[in-house]
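> The structure is given below, and queries will be raised subsequently.
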Amino acid sequence: MVEALDSSQKHLVKFAKTPLMTTSVFGFSIGDLEFLKTEIKLEGDRTIPVSIYAPWDIANAAFTVDTVQKYLPLLESYFKCPYPLPKLDFVLLPYLSDMAMENFGMITIQLNHLLIPPNALANESVREQAQQLIVHELVHQWMGNYISFDSWESLWFNESFATWLACHILEQNGDLSHYWTSEPYLLQQVEPTMCRDAADVNGRSIFQISQRNTGIDSQTSDIFDPEAYTKGIIMLRSLQLATGESHLQKGLESVFEDTKTFHARSVKPMDIWNHIGKFLKSQNITNFVSSWTRTPGLPVVKVEVEEKDGKTQTKLTQHRFINQLSTEEKDQLEDVPYQVPLFGVLPDGKMDTKNVLLTDRTLTLDYPILVINHLAQGYYRVSYESEECYALINDKITEETLSEIDLRKIFLDLSQFIGDEGFQNSIHLHGLFKILNHIASPSTKIASKYWDPLSKGLEVLQTIDRASLTSSKLQSFLKKKIVIPLFNKIDWPHGEFDKSTNPHELKVMSQVLFLNKNSAKCAELCQIYFKHLLQGPRSSVPLELVNSILVVVLQHCANIKQWKKIFDLVKRSSCTGITNHVINMYDQNSSETAMLIQNGAIESLGFCLDSDIVKKTLNFITSNIESEGMELALFGFNYNFKKRLNKNEKPQDQVVRETIWEWYMGNFDQWARKATRKGTTTGDHLHKALRSISLIIFQMFVADEPQKIEKFINLEKEKLGQSLLSLDDIWASVQQDEESRKTIRRDLASLV
């Protein structure tokens, strides 16, 4: 309330009584601010004023007003609890290091996030991000403000809950389409968090993480941990699905009904789950949350389908999953069983409602299971370890009833097992080959929804292909089993490409061209595409295929004249002249497209086996060694290092890697001296390039001539001392990668 005083320059402002709140969410703002005001009708014919303030461009806050008008009543309805205050303000500020703060009744947000001009709102991603931010802060008005927590250790739950519920409400109301099965959630949040968690044998639980950095001098940024935050979101989503969406909502309603317990004092998150567990008459609620907050890491569930006494059974076994675990570390690992939500799908496509939670080490089901962790909604890996599992999966691929996400998840999990000495066994390689071979077979149609997961499967195959380079027998097996059948199955256009081709299909095409680069038939096809790339017509070659086309053309290049056509593309000006021949699915501008073509041309140079061209390529790298990215020209040599050079298409005695080694030895000392000069831009570029070059060359010898590299490193250390190049570290990294490749070759050889 504002009252005028005797002086026209002064006013008395009286505020209403501040409600009970924790001091961390009390805030006020002073400034010369523009504003938008509206009123929102809530349940029980109650109306509250809502104001948006900003120092400028307040008209661009209209989208914020619309979003608040829509979602404040929806949240009231979800919690069955009235909005706790008589007003709501948003203050958009130019300088706000935390981006947003959910002050009770006065939310502050960095203004660039919500002052959105109409033309920017045409972008779906911009709209969705703004809505997520607004609804997240609105959720806090109930959870975090009305119900507050007794310690900063609960920050992870406060933030995870607000994001989980905001995304759920937005998805339910059509403003965040299929969020929980989307790439931003599954591939950009869940998968990276799982990978980091599995890479750290000393990783801590959410509870352990939340206890650190909570001293009196701590900042919010010291306490906020992205990994605990993401794991909390995943846990809440899993719990929601495992208990049933309506059940969890009713449990939360009961929390807000009990105002004496949850509003009169600050609480712990576990108080909420204990209450919900009692309300739903389920001890599993408390056990589930306790398991996922107090147990570090993540589990892997092994699935074995077998026939026993004339009946099909499924045995499930769980352990903690850690990448590349040594035997000693495995013996010392704490391996407490998790509360694993199974999300099982039966062969008839229905969800398994009989067994929804794995709480012990093992569980035997008296029926077959098609997939576990349907739609990748649980925080764990799944290892299918019997022939029957992959036979069932292939049957559903044929019927096109296996979900795209389930197939992608199968390949994602296999990518974590394959090459892991402590976990991989032959069934993982066999299972991968069985699925890929089935998809490649003439009798199986590749449904459009399977192009994306197939691309992930081929990424795993490329890892195996790279590991098998030292054995022509293994290489031949892979080509005959999968690559050639898949190449023959794809409908390759000989004229122009359809501009509406699925981008995931184009990625698969590119992968297959690369994997089949030694094939004459593939070379013939790529010569056609290469001609279109250089000469047109306009928009005739997809940008996604350009790199692989250049690789295949150079792999079969037999003379200088052919090589020069690609070498010309190393110059940006030549690339700029052909950008209009490229189909650009992602609307890069001409300059970006030219840069991508140029980088592809540089990367392809090392795939040629003609001795004269190899020398020209090495001379090119030497002359431009101080230019950023020149080391990429060695990329192809790492795929052909065991092959013999040829001259005029006739085999020579020298192997590719020996030529590369002579070049490397002849230049290394000079490069190293320049690279270790401190404080120069040239030295910094050369330092980075020489490390990359050393890495590539060490990989050529690690499998069968490691002593050659070790002798070289020792000699260089005598000359240069412990140089800034850290050759020992590079060599250790290469050796570690080789252990993974050895593991792959071991089980691959047993299959062949």
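Chain identifiers are assigned as A, B, and so on, following the order in which chains appear in the structure tokens; residues are numbered from 1 within each chain, and ligands are numbered from 1 in order of appearance.
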Select from region 131-347 of chain A everything DSSP, run on the backbone, classes as strand (DSSP E or B), then give the selection as a list in words.
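Checking each residue of region 131-347 of chain A, the strand (DSSP E or B) ones are Met143, Ile147, Phe149, Val267, Pro299, Val300, Val301, Lys302, Val303, Glu304, Val305, Glu306, Glu307, Lys308, Lys311, Thr312, Gln313, Thr314, Lys315, Leu316, Thr317, Gln318, His319, Arg320, Val340, Pro341 and Val345 of chain A.
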> Considering only C-alpha atoms, return as a PyMOL selection string whatever protein or nucleic-acid residues lie within 10 Å of region 390-406 of chain A, sequence-local ones (same chain, fewer than 4 positions apart) excluded.
chain A and resi 181-183+186+305+345+347-349+368-376+384-386+410-412+427+430-439+443-454
> Would you mind exporting the chosen residues as a compact mmCIF listing (two decimals), in the first residue's frame, restricted to N, CA and C atoms?

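What follows is the written file result.txt:
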```
# COMPACT_ATOMS: atom_id res chain seq x y z
N THR A 181 11.17 -39.39 -23.64
CA THR A 181 11.79 -40.30 -24.62
C THR A 181 12.54 -39.52 -25.70
N SER A 182 12.81 -38.25 -25.41
CA SER A 182 13.45 -37.39 -26.41
C SER A 182 14.96 -37.46 -26.32
N GLU A 183 15.62 -36.99 -27.38
CA GLU A 183 17.09 -36.94 -27.40
C GLU A 183 17.65 -36.02 -26.31
N LEU A 186 17.18 -38.32 -23.00
CA LEU A 186 17.85 -39.62 -22.95
C LEU A 186 19.32 -39.55 -23.35
N VAL A 305 17.41 -65.91 -20.92
CA VAL A 305 16.19 -66.65 -21.22
C VAL A 305 16.58 -68.09 -21.54
N VAL A 345 8.96 -55.72 -20.85
CA VAL A 345 7.98 -55.91 -21.91
C VAL A 345 7.95 -57.38 -22.29
N PRO A 347 6.82 -60.74 -24.70
CA PRO A 347 6.86 -60.95 -26.15
C PRO A 347 5.60 -60.50 -26.89
N ASP A 348 4.46 -60.42 -26.21
CA ASP A 348 3.24 -59.97 -26.88
C ASP A 348 3.14 -58.44 -26.91
N GLY A 349 4.17 -57.75 -26.40
CA GLY A 349 4.19 -56.29 -26.44
C GLY A 349 3.60 -55.62 -25.21
N PRO A 368 9.03 -65.78 -20.52
CA PRO A 368 10.08 -65.04 -21.25
C PRO A 368 9.83 -63.53 -21.20
N ILE A 369 10.91 -62.77 -21.28
CA ILE A 369 10.87 -61.31 -21.34
C ILE A 369 11.51 -60.86 -22.65
N LEU A 370 10.87 -59.91 -23.30
CA LEU A 370 11.44 -59.38 -24.55
C LEU A 370 12.53 -58.36 -24.24
N VAL A 371 12.19 -57.29 -23.54
CA VAL A 371 13.19 -56.28 -23.15
C VAL A 371 12.94 -55.85 -21.71
N ILE A 372 14.02 -55.45 -21.08
CA ILE A 372 13.99 -54.83 -19.75
C ILE A 372 14.36 -53.36 -19.93
N ASN A 373 13.85 -52.51 -19.05
CA ASN A 373 14.08 -51.07 -19.11
C ASN A 373 13.48 -50.47 -20.38
N HIS A 374 12.20 -50.73 -20.57
CA HIS A 374 11.46 -50.24 -21.73
C HIS A 374 11.53 -48.72 -21.81
N LEU A 375 11.83 -48.22 -22.99
CA LEU A 375 11.95 -46.79 -23.29
C LEU A 375 13.05 -46.10 -22.49
N ALA A 376 13.99 -46.91 -21.96
CA ALA A 376 15.19 -46.38 -21.28
C ALA A 376 14.84 -45.45 -20.13
N TYR A 384 21.89 -58.57 -22.29
CA TYR A 384 21.18 -59.76 -22.75
C TYR A 384 22.21 -60.85 -23.03
N GLU A 385 22.07 -62.00 -22.35
CA GLU A 385 23.17 -62.97 -22.37
C GLU A 385 22.74 -64.38 -22.79
N SER A 386 21.75 -64.45 -23.67
CA SER A 386 21.41 -65.76 -24.24
C SER A 386 20.92 -65.58 -25.67
N ILE A 410 19.46 -50.97 -26.59
CA ILE A 410 20.20 -52.23 -26.69
C ILE A 410 21.60 -51.97 -27.23
N PHE A 411 21.67 -51.18 -28.32
CA PHE A 411 22.97 -50.87 -28.92
C PHE A 411 23.81 -49.98 -27.99
N LEU A 412 23.18 -49.01 -27.32
CA LEU A 412 23.92 -48.15 -26.39
C LEU A 412 24.56 -48.97 -25.28
N ILE A 427 28.94 -63.36 -26.16
CA ILE A 427 27.51 -63.19 -26.46
C ILE A 427 27.19 -61.75 -26.85
N HIS A 430 28.28 -61.51 -30.44
CA HIS A 430 27.37 -62.37 -31.21
C HIS A 430 25.98 -61.73 -31.31
N GLY A 431 25.51 -61.16 -30.18
CA GLY A 431 24.20 -60.51 -30.19
C GLY A 431 24.16 -59.32 -31.13
N LEU A 432 25.22 -58.49 -31.09
CA LEU A 432 25.30 -57.34 -31.99
C LEU A 432 25.26 -57.80 -33.45
N PHE A 433 26.08 -58.81 -33.78
CA PHE A 433 26.13 -59.30 -35.16
C PHE A 433 24.81 -59.91 -35.58
N LYS A 434 24.16 -60.59 -34.62
CA LYS A 434 22.89 -61.25 -34.95
C LYS A 434 21.83 -60.21 -35.32
N ILE A 435 21.77 -59.12 -34.57
CA ILE A 435 20.78 -58.07 -34.86
C ILE A 435 21.14 -57.37 -36.18
N LEU A 436 22.40 -56.96 -36.34
CA LEU A 436 22.81 -56.23 -37.55
C LEU A 436 22.66 -57.10 -38.79
N ASN A 437 23.02 -58.39 -38.68
CA ASN A 437 22.88 -59.30 -39.81
C ASN A 437 21.42 -59.50 -40.17
N HIS A 438 20.57 -59.54 -39.15
CA HIS A 438 19.12 -59.69 -39.40
C HIS A 438 18.58 -58.47 -40.13
N ILE A 439 18.99 -57.28 -39.69
CA ILE A 439 18.53 -56.05 -40.35
C ILE A 439 19.06 -55.98 -41.78
N SER A 443 15.46 -60.33 -46.53
CA SER A 443 14.07 -60.61 -46.16
C SER A 443 13.51 -59.63 -45.13
N THR A 444 14.38 -58.78 -44.54
CA THR A 444 13.94 -57.85 -43.50
C THR A 444 13.84 -56.44 -44.06
N LYS A 445 12.69 -55.84 -43.91
CA LYS A 445 12.52 -54.45 -44.31
C LYS A 445 13.04 -53.55 -43.20
N ILE A 446 13.80 -52.51 -43.58
CA ILE A 446 14.27 -51.55 -42.57
C ILE A 446 13.20 -50.47 -42.41
N ALA A 447 12.45 -50.58 -41.33
CA ALA A 447 11.41 -49.57 -41.07
C ALA A 447 12.08 -48.22 -40.81
N SER A 448 11.41 -47.15 -41.18
CA SER A 448 12.00 -45.81 -41.03
C SER A 448 12.39 -45.51 -39.59
N LYS A 449 11.65 -46.07 -38.62
CA LYS A 449 11.95 -45.77 -37.22
C LYS A 449 13.24 -46.44 -36.76
N TYR A 450 13.76 -47.39 -37.54
CA TYR A 450 14.97 -48.11 -37.12
C TYR A 450 16.27 -47.51 -37.68
N TRP A 451 16.20 -46.49 -38.54
CA TRP A 451 17.44 -45.92 -39.08
C TRP A 451 18.28 -45.31 -37.96
N ASP A 452 17.67 -44.62 -37.03
CA ASP A 452 18.43 -43.99 -35.95
C ASP A 452 19.12 -45.03 -35.07
N PRO A 453 18.42 -46.04 -34.53
CA PRO A 453 19.14 -47.04 -33.74
C PRO A 453 20.15 -47.83 -34.56
N LEU A 454 19.85 -48.08 -35.84
CA LEU A 454 20.82 -48.79 -36.68
C LEU A 454 22.13 -48.01 -36.77
```
> Near Thr314 (chain A), within 9 Å and counting only C-alpha atoms, which residues show up once chain neighbours fewer than 3 positions away are dropped, as a PyMOL selection string?
chain A and resi 303-307+363-369
> Need to verify the contact set: Lys499 (chain A), 10 Å, only C-alpha atoms, exclusion of same-chain residues closer than 3 positions in sequence. Can you return it as a ChimeraX atom specification?
/A:496,502-503,539-542,583-585
> Those same residues, written as a tab-separated table (two decimals), in the first residue's frame with C-alpha atoms?

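New file again_15.tsv:
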```
chain	number	residue	atom	x	y	z
A	496	GLU	CA	20.16	-37.01	-57.42
A	502	ASN	CA	15.56	-39.32	-43.45
A	503	PRO	CA	18.75	-37.76	-41.99
A	539	SER	CA	21.62	-29.88	-54.41
A	540	SER	CA	22.55	-33.35	-55.61
A	541	VAL	CA	24.81	-34.75	-52.84
A	542	PRO	CA	23.84	-34.81	-49.11
A	583	ILE	CA	22.00	-30.86	-49.94
A	584	ASN	CA	22.23	-29.14	-46.59
A	585	MET	CA	19.72	-30.73	-44.21
```
> Per DSSP on the backbone, what are the alpha helix (DSSP H) residues of region 44-100 of chain A, as a list in words?
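Assigned to alpha helix (DSSP H), within region 44-100 of chain A: Ala62, Phe63, Thr64, Val65, Asp66, Thr67, Val68, Gln69, Lys70, Tyr71, Leu72, Pro73, Leu74, Leu75, Glu76, Ser77, Tyr78 and Phe79 of chain A.
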